[in-house]
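Undergrad: Just so it is clear, I am handing over coords_34.cif, which has mmCIF, C-alpha atoms.
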```cif
data_coords
#
loop_
_atom_site.group_PDB
_atom_site.id
_atom_site.type_symbol
_atom_site.label_atom_id
_atom_site.label_comp_id
_atom_site.auth_asym_id
_atom_site.auth_seq_id
_atom_site.Cartn_x
_atom_site.Cartn_y
_atom_site.Cartn_z
ATOM 1 C CA MET A 1 181.373 128.990 20.151
ATOM 2 C CA LYS A 2 181.438 127.684 16.579
ATOM 3 C CA LYS A 3 178.525 129.942 15.659
ATOM 4 C CA LEU A 4 180.318 132.942 17.169
ATOM 5 C CA LEU A 5 183.522 132.203 15.284
ATOM 6 C CA ARG A 6 181.594 131.741 12.048
ATOM 7 C CA PHE A 7 179.853 135.112 12.524
ATOM 8 C CA LEU A 8 183.066 136.935 13.377
ATOM 9 C CA THR A 9 184.754 135.676 10.215
ATOM 10 C CA VAL A 10 182.049 137.171 7.973
ATOM 11 C CA PRO A 11 183.486 140.725 7.803
ATOM 12 C CA PHE A 12 187.014 139.424 7.238
ATOM 13 C CA VAL A 13 185.953 137.115 4.409
ATOM 14 C CA ALA A 14 183.753 139.805 2.861
ATOM 15 C CA THR A 15 186.567 142.340 3.003
ATOM 16 C CA ALA A 16 189.041 139.920 1.447
ATOM 17 C CA LEU A 17 186.635 139.108 -1.374
ATOM 18 C CA LEU A 18 185.934 142.773 -2.057
ATOM 19 C CA LEU A 19 189.587 143.718 -2.084
ATOM 20 C CA THR A 20 190.390 140.821 -4.394
ATOM 21 C CA GLY A 21 187.552 141.595 -6.762
ATOM 22 C CA LEU A 22 187.695 145.384 -6.780
ATOM 23 C CA SER A 23 191.299 146.458 -6.364
ATOM 24 C CA ALA A 24 192.441 146.195 -9.992
ATOM 25 C CA PRO A 25 192.791 149.486 -11.927
ATOM 26 C CA ALA A 26 189.364 150.383 -13.297
ATOM 27 C CA ARG A 27 190.582 151.355 -16.748
ATOM 28 C CA ALA A 28 192.003 147.824 -17.259
ATOM 29 C CA GLU A 29 188.662 146.130 -16.664
ATOM 30 C CA THR A 30 186.018 145.208 -19.177
ATOM 31 C CA ASP A 31 182.413 146.262 -18.682
ATOM 32 C CA ALA A 32 181.559 142.639 -17.843
ATOM 33 C CA GLN A 33 184.227 142.573 -15.116
ATOM 34 C CA LEU A 34 182.894 145.843 -13.706
ATOM 35 C CA ALA A 35 179.407 144.320 -13.652
ATOM 36 C CA ALA A 36 180.722 141.340 -11.667
ATOM 37 C CA SER A 37 182.432 143.711 -9.233
ATOM 38 C CA TRP A 38 179.182 145.667 -8.901
ATOM 39 C CA GLN A 39 177.278 142.507 -7.994
ATOM 40 C CA LEU A 40 179.866 141.487 -5.384
ATOM 41 C CA ALA A 41 179.737 144.917 -3.742
ATOM 42 C CA TRP A 42 175.934 144.944 -3.774
ATOM 43 C CA ASP A 43 175.604 141.447 -2.288
ATOM 44 C CA THR A 44 178.112 142.181 0.460
ATOM 45 C CA TYR A 45 176.379 145.407 1.450
ATOM 46 C CA ARG A 46 172.844 144.036 1.204
ATOM 47 C CA PHE A 47 173.459 140.788 3.063
ATOM 48 C CA TYR A 48 176.026 141.898 5.643
ATOM 49 C CA GLU A 49 176.583 145.600 6.184
ATOM 50 C CA LYS A 50 172.981 146.713 5.862
ATOM 51 C CA LEU A 51 172.140 144.509 8.838
ATOM 52 C CA THR A 52 174.905 145.837 11.091
ATOM 53 C CA ALA A 53 176.309 149.267 10.125
ATOM 54 C CA PRO A 54 176.683 151.723 11.657
ATOM 55 C CA LEU A 55 176.632 150.058 15.069
ATOM 56 C CA PRO A 56 179.561 151.306 17.209
ATOM 57 C CA TRP A 57 181.169 147.889 17.519
ATOM 58 C CA THR A 58 181.591 147.731 13.729
ATOM 59 C CA GLY A 59 184.024 150.648 13.864
ATOM 60 C CA ARG A 60 181.848 152.625 11.461
ATOM 61 C CA SER A 61 179.996 155.903 11.695
ATOM 62 C CA GLN A 62 177.153 157.634 9.857
ATOM 63 C CA VAL A 63 176.691 161.348 9.124
ATOM 64 C CA SER A 64 173.824 163.049 7.249
ATOM 65 C CA GLN A 65 173.764 166.445 5.546
ATOM 66 C CA ASP A 66 171.369 168.266 3.210
ATOM 67 C CA ILE A 67 172.369 170.591 0.369
ATOM 68 C CA SER A 68 170.049 172.547 -1.951
ATOM 69 C CA ILE A 69 170.214 174.607 -5.107
ATOM 70 C CA ASP A 70 167.589 176.570 -7.095
ATOM 71 C CA ILE A 71 167.551 176.159 -10.873
ATOM 72 C CA ASN A 72 165.724 178.512 -13.233
ATOM 73 C CA ALA A 73 163.895 175.923 -15.325
ATOM 74 C CA PRO A 74 160.638 173.905 -15.161
ATOM 75 C CA ILE A 75 160.636 170.934 -12.793
ATOM 76 C CA ALA A 76 160.124 168.232 -15.456
ATOM 77 C CA HIS A 77 163.093 169.462 -17.481
ATOM 78 C CA VAL A 78 165.308 169.827 -14.403
ATOM 79 C CA PHE A 79 164.378 166.362 -13.190
ATOM 80 C CA ASP A 80 165.099 164.632 -16.496
ATOM 81 C CA ALA A 81 168.459 166.367 -16.922
ATOM 82 C CA TYR A 82 169.551 166.045 -13.295
ATOM 83 C CA SER A 83 168.523 162.402 -12.785
ATOM 84 C CA ASN A 84 170.479 161.242 -15.851
ATOM 85 C CA VAL A 85 173.793 160.238 -14.284
ATOM 86 C CA ASN A 86 175.556 160.484 -17.655
ATOM 87 C CA ASN A 87 174.925 164.241 -17.528
ATOM 88 C CA HIS A 88 177.083 164.389 -14.403
ATOM 89 C CA ILE A 89 180.217 163.582 -16.424
ATOM 90 C CA GLY A 90 182.322 166.724 -16.672
ATOM 91 C CA MET A 91 180.421 168.486 -13.901
ATOM 92 C CA HIS A 92 183.097 167.346 -11.459
ATOM 93 C CA SER A 93 186.679 166.981 -12.616
ATOM 94 C CA PHE A 94 187.100 163.462 -11.186
ATOM 95 C CA LEU A 95 184.218 161.699 -12.978
ATOM 96 C CA LYS A 96 185.374 160.254 -16.305
ATOM 97 C CA ARG A 97 182.957 157.508 -17.298
ATOM 98 C CA VAL A 98 179.727 155.760 -16.323
ATOM 99 C CA VAL A 99 179.137 152.082 -17.141
ATOM 100 C CA THR A 100 175.486 151.000 -16.952
ATOM 101 C CA HIS A 101 174.980 147.335 -16.042
ATOM 102 C CA ALA A 102 171.162 147.171 -15.951
ATOM 103 C CA ASP A 103 168.268 149.539 -16.611
ATOM 104 C CA TRP A 104 164.662 148.453 -16.050
ATOM 105 C CA THR A 105 161.290 149.701 -14.789
ATOM 106 C CA GLU A 106 159.206 148.003 -12.128
ATOM 107 C CA ASP A 107 155.978 149.387 -10.581
ATOM 108 C CA ASP A 108 156.607 152.807 -12.184
ATOM 109 C CA VAL A 109 160.094 152.996 -10.645
ATOM 110 C CA ARG A 110 163.115 152.981 -12.937
ATOM 111 C CA PHE A 111 166.146 151.075 -11.612
ATOM 112 C CA VAL A 112 169.653 151.748 -12.932
ATOM 113 C CA ASN A 113 172.677 149.735 -11.792
ATOM 114 C CA PHE A 114 175.940 151.422 -12.763
ATOM 115 C CA THR A 115 179.600 151.966 -11.949
ATOM 116 C CA ALA A 116 181.127 155.449 -12.014
ATOM 117 C CA ILE A 117 184.813 155.656 -12.931
ATOM 118 C CA GLU A 118 186.783 158.499 -11.376
ATOM 119 C CA ASP A 119 190.422 159.550 -11.784
ATOM 120 C CA ILE A 120 191.503 161.097 -8.489
ATOM 121 C CA PRO A 121 194.858 162.950 -8.479
ATOM 122 C CA VAL A 122 197.085 162.097 -5.532
ATOM 123 C CA VAL A 123 200.823 162.608 -5.060
ATOM 124 C CA ALA A 124 202.385 164.795 -7.783
ATOM 125 C CA GLY A 125 199.070 164.845 -9.619
ATOM 126 C CA ILE A 126 199.280 161.159 -10.557
ATOM 127 C CA PRO A 127 195.679 159.893 -10.955
ATOM 128 C CA ILE A 128 194.362 156.829 -9.158
ATOM 129 C CA SER A 129 191.312 155.182 -10.713
ATOM 130 C CA SER A 130 188.399 154.703 -8.333
ATOM 131 C CA ARG A 131 185.154 152.842 -8.907
ATOM 132 C CA THR A 132 181.853 153.743 -7.304
ATOM 133 C CA HIS A 133 179.222 151.012 -7.627
ATOM 134 C CA ALA A 134 175.659 152.328 -7.432
ATOM 135 C CA GLN A 135 171.975 151.618 -7.789
ATOM 136 C CA GLN A 136 169.646 154.466 -8.714
ATOM 137 C CA ARG A 137 165.868 154.300 -8.243
ATOM 138 C CA ILE A 138 163.997 157.003 -10.181
ATOM 139 C CA HIS A 139 160.465 158.007 -9.137
ATOM 140 C CA ARG A 140 159.615 160.365 -11.981
ATOM 141 C CA ASP A 141 155.916 160.700 -11.138
ATOM 142 C CA GLU A 142 156.855 161.948 -7.662
ATOM 143 C CA PHE A 143 159.911 163.967 -8.744
ATOM 144 C CA PHE A 144 162.556 162.300 -6.579
ATOM 145 C CA TYR A 145 165.204 159.635 -6.951
ATOM 146 C CA GLU A 146 167.399 157.618 -4.614
ATOM 147 C CA THR A 147 170.923 156.322 -5.071
ATOM 148 C CA ASP A 148 172.968 153.931 -2.929
ATOM 149 C CA THR A 149 176.708 153.720 -3.614
ATOM 150 C CA TRP A 150 179.721 151.693 -2.465
ATOM 151 C CA THR A 151 183.366 152.720 -2.926
ATOM 152 C CA LEU A 152 186.667 151.395 -1.600
ATOM 153 C CA PRO A 153 187.680 151.511 1.215
ATOM 154 C CA ASN A 154 184.171 150.442 2.233
ATOM 155 C CA VAL A 155 182.490 153.853 1.954
ATOM 156 C CA VAL A 156 178.707 153.829 1.505
ATOM 157 C CA THR A 157 176.427 156.738 0.639
ATOM 158 C CA HIS A 158 172.642 156.961 0.615
ATOM 159 C CA GLN A 159 171.145 159.778 -1.412
ATOM 160 C CA LYS A 160 167.576 161.024 -1.810
ATOM 161 C CA ILE A 161 167.277 163.879 -4.278
ATOM 162 C CA VAL A 162 163.967 165.751 -4.137
ATOM 163 C CA PHE A 163 162.701 168.266 -6.719
ATOM 164 C CA THR A 164 160.275 171.027 -5.692
ATOM 165 C CA ASP A 165 158.395 173.365 -8.036
ATOM 166 C CA LEU A 166 158.767 176.885 -6.588
ATOM 167 C CA GLY A 167 156.632 178.458 -9.308
ATOM 168 C CA GLY A 168 157.724 180.826 -12.046
ATOM 169 C CA SER A 169 159.733 178.040 -13.737
ATOM 170 C CA VAL A 170 162.080 177.736 -10.764
ATOM 171 C CA THR A 171 162.948 174.314 -9.325
ATOM 172 C CA ARG A 172 164.627 173.611 -6.003
ATOM 173 C CA VAL A 173 166.798 170.495 -5.857
ATOM 174 C CA THR A 174 167.498 169.201 -2.354
ATOM 175 C CA GLU A 175 169.963 166.383 -1.830
ATOM 176 C CA HIS A 176 169.597 164.424 1.405
ATOM 177 C CA LEU A 177 173.000 162.757 1.811
ATOM 178 C CA THR A 178 173.986 160.099 4.326
ATOM 179 C CA PHE A 179 177.579 158.869 4.491
ATOM 180 C CA GLU A 180 178.777 155.656 6.156
ATOM 181 C CA ALA A 181 182.483 154.973 6.653
ATOM 182 C CA SER A 182 185.135 153.958 9.138
ATOM 183 C CA ILE A 183 185.315 156.276 12.134
ATOM 184 C CA LEU A 184 188.809 157.178 10.898
ATOM 185 C CA LEU A 185 187.515 158.194 7.467
ATOM 186 C CA ILE A 186 184.086 159.641 8.164
ATOM 187 C CA ASP A 187 185.149 163.315 8.462
ATOM 188 C CA PHE A 188 187.195 163.129 5.254
ATOM 189 C CA THR A 189 184.356 161.297 3.513
ATOM 190 C CA VAL A 190 181.726 163.856 4.494
ATOM 191 C CA THR A 191 183.871 166.901 3.654
ATOM 192 C CA ASN A 192 184.907 165.633 0.241
ATOM 193 C CA GLY A 193 181.557 164.023 -0.535
ATOM 194 C CA VAL A 194 179.605 167.204 0.153
ATOM 195 C CA ALA A 195 182.100 169.316 -1.820
ATOM 196 C CA SER A 196 181.818 166.936 -4.785
ATOM 197 C CA HIS A 197 178.023 167.056 -4.742
ATOM 198 C CA GLN A 198 178.023 170.854 -4.480
ATOM 199 C CA ALA A 199 180.351 171.110 -7.474
ATOM 200 C CA THR A 200 178.088 168.805 -9.462
ATOM 201 C CA GLN A 201 175.016 170.814 -8.427
ATOM 202 C CA ALA A 202 176.615 174.039 -9.638
ATOM 203 C CA GLY A 203 177.678 172.455 -12.922
ATOM 204 C CA LEU A 204 174.227 171.023 -13.620
ATOM 205 C CA LYS A 205 172.543 174.332 -12.738
ATOM 206 C CA ALA A 206 174.752 176.205 -15.205
ATOM 207 C CA ALA A 207 174.272 173.616 -17.966
ATOM 208 C CA ILE A 208 170.486 173.512 -17.555
ATOM 209 C CA GLU A 209 170.090 177.277 -17.395
ATOM 210 C CA ASN A 210 172.303 177.984 -20.412
ATOM 211 C CA GLY A 211 170.562 175.331 -22.509
ATOM 212 C CA THR A 212 173.431 172.851 -22.736
ATOM 213 C CA LEU A 213 171.185 170.279 -21.025
#
```
How does the structure come out when it is put into structure tokens?

TA:
Amino acid sequence: MKKLLRFLTVPFVATALLLTGLSAPARAETDAQLAASWQLAWDTYRFYEKLTAPLPWTGRSQVSQDISIDINAPIAHVFDAYSNVNNHIGMHSFLKRVVTHADWTEDDVRFVNFTAIEDIPVVAGIPISSRTHAQQRIHRDEFFYETDTWTLPNVVTHQKIVFTDLGGSVTRVTEHLTFEASILLIDFTVTNGVASHQATQAGLKAAIENGTL
């Protein structure tokens, strides 16, 4: 019985810690505080949620969707521009800043830990700051990268972005997206997540093709 009670308290303690550590307005935090929040989110997901979600009894659901776009530019150039998360700023109106916490290479894979700061307009256009904590793993030799993200209220995304050379200096970018969220939020999460990624795709395509990137 004690073991059962201890296990059942894990999600409640984790949630309380996350809400305490991550609920302050993002613009008021230092980069060091954001890094600490990133680590807390990563540890909670890696050591708790990754072992359980999205089992039905957790009250969470998972939905996957693929989106693609063709860009008129060589694959190496498209990959370098597209995989640089800082180039995503301005491609979607919500994304305002990216704070990189760590950037290293291991076994030919580049790892980037970062937090994306977004200002999301709500009632009467008043913006609410949102933080998305992420780890990106870039496989340049194989022309794909992966990104895992965590955002309040406990929304997780898994992304695998694959680049294909179609010939004639045309590159197809295919994003394999998987969203995890509460069963009450999953439809909203998927709809808005896909729309955001499509807007970013279109913005990057235009910037790469017109020479801005």

Undergrad: Let me know the residues the PyMOL selection byres ((chain A and resi 167) around 12) catches in the file above, as a ChimeraX atom specification.

TA: /A:70-75,164-166,168-172

Undergrad: Pick the closest to Thr147 (chain A) from A:Met91, A:Val85, A:Ile67, A:Val99: which is it, counting all atoms listed in the file?

TA: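 Selected residue with least distance to Thr147 (chain A): A:Val85.
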
Undergrad: Name the residues that the PyMOL selection byres ((chain A and resi 174) around 6) picks from the file above, as a tab-separated table (two decimals) with C-alpha atoms, keeping the file's coordinate frame, using the file's chain letters and numbers.

TA:
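This went into selection21.tsv:
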```
chain	number	residue	atom	x	y	z
A	67	ILE	CA	172.37	170.59	0.37
A	68	SER	CA	170.05	172.55	-1.95
A	161	ILE	CA	167.28	163.88	-4.28
A	162	VAL	CA	163.97	165.75	-4.14
A	173	VAL	CA	166.80	170.50	-5.86
A	175	GLU	CA	169.96	166.38	-1.83
```

Undergrad: Can you work out the spacing between CA of Ala102 (chain A) and CA of Gln135 (chain A) in Å, to one decimal?

TA: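 Separation of CA of Ala102 (chain A) and CA of Gln135 (chain A): 9.3 Å.
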
Undergrad: Once you count only C-alpha atoms, which residues end up no further than 12 Å from (179.3, 172.4, -11.7) in the file's frame, shown as a ChimeraX atom specification?

TA: /A:69,82,87-95,195-209

Undergrad: Using the chain letters and residue numbers of this document, give as a list in words the residues selected by the PyMOL selection byres ((chain A and resi 117) around 8).

TA: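 Those residues are Ala26, Leu95, Lys96, Arg97, Val98, Val99, Thr115, Ala116, Glu118, Asp119, Ser129, Ser130, Arg131 and Thr132 of chain A.
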
Undergrad: In Å, rounded to a single decimal, give me how far CA of Asp66 (chain A) is from CA of Val112 (chain A).

TA: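 Computed distance, CA of Val112 (chain A) to CA of Asp66 (chain A), equals 23.2 Å.
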
Undergrad: Taking all atoms listed in the file into account, name the residue in A:Thr30, A:Gln62, A:Ser83, A:Gln136 that is nearest to Phe163 (chain A).

TA: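 Checking each candidate against Phe163 (chain A), we get A:Ser83 as the closest.
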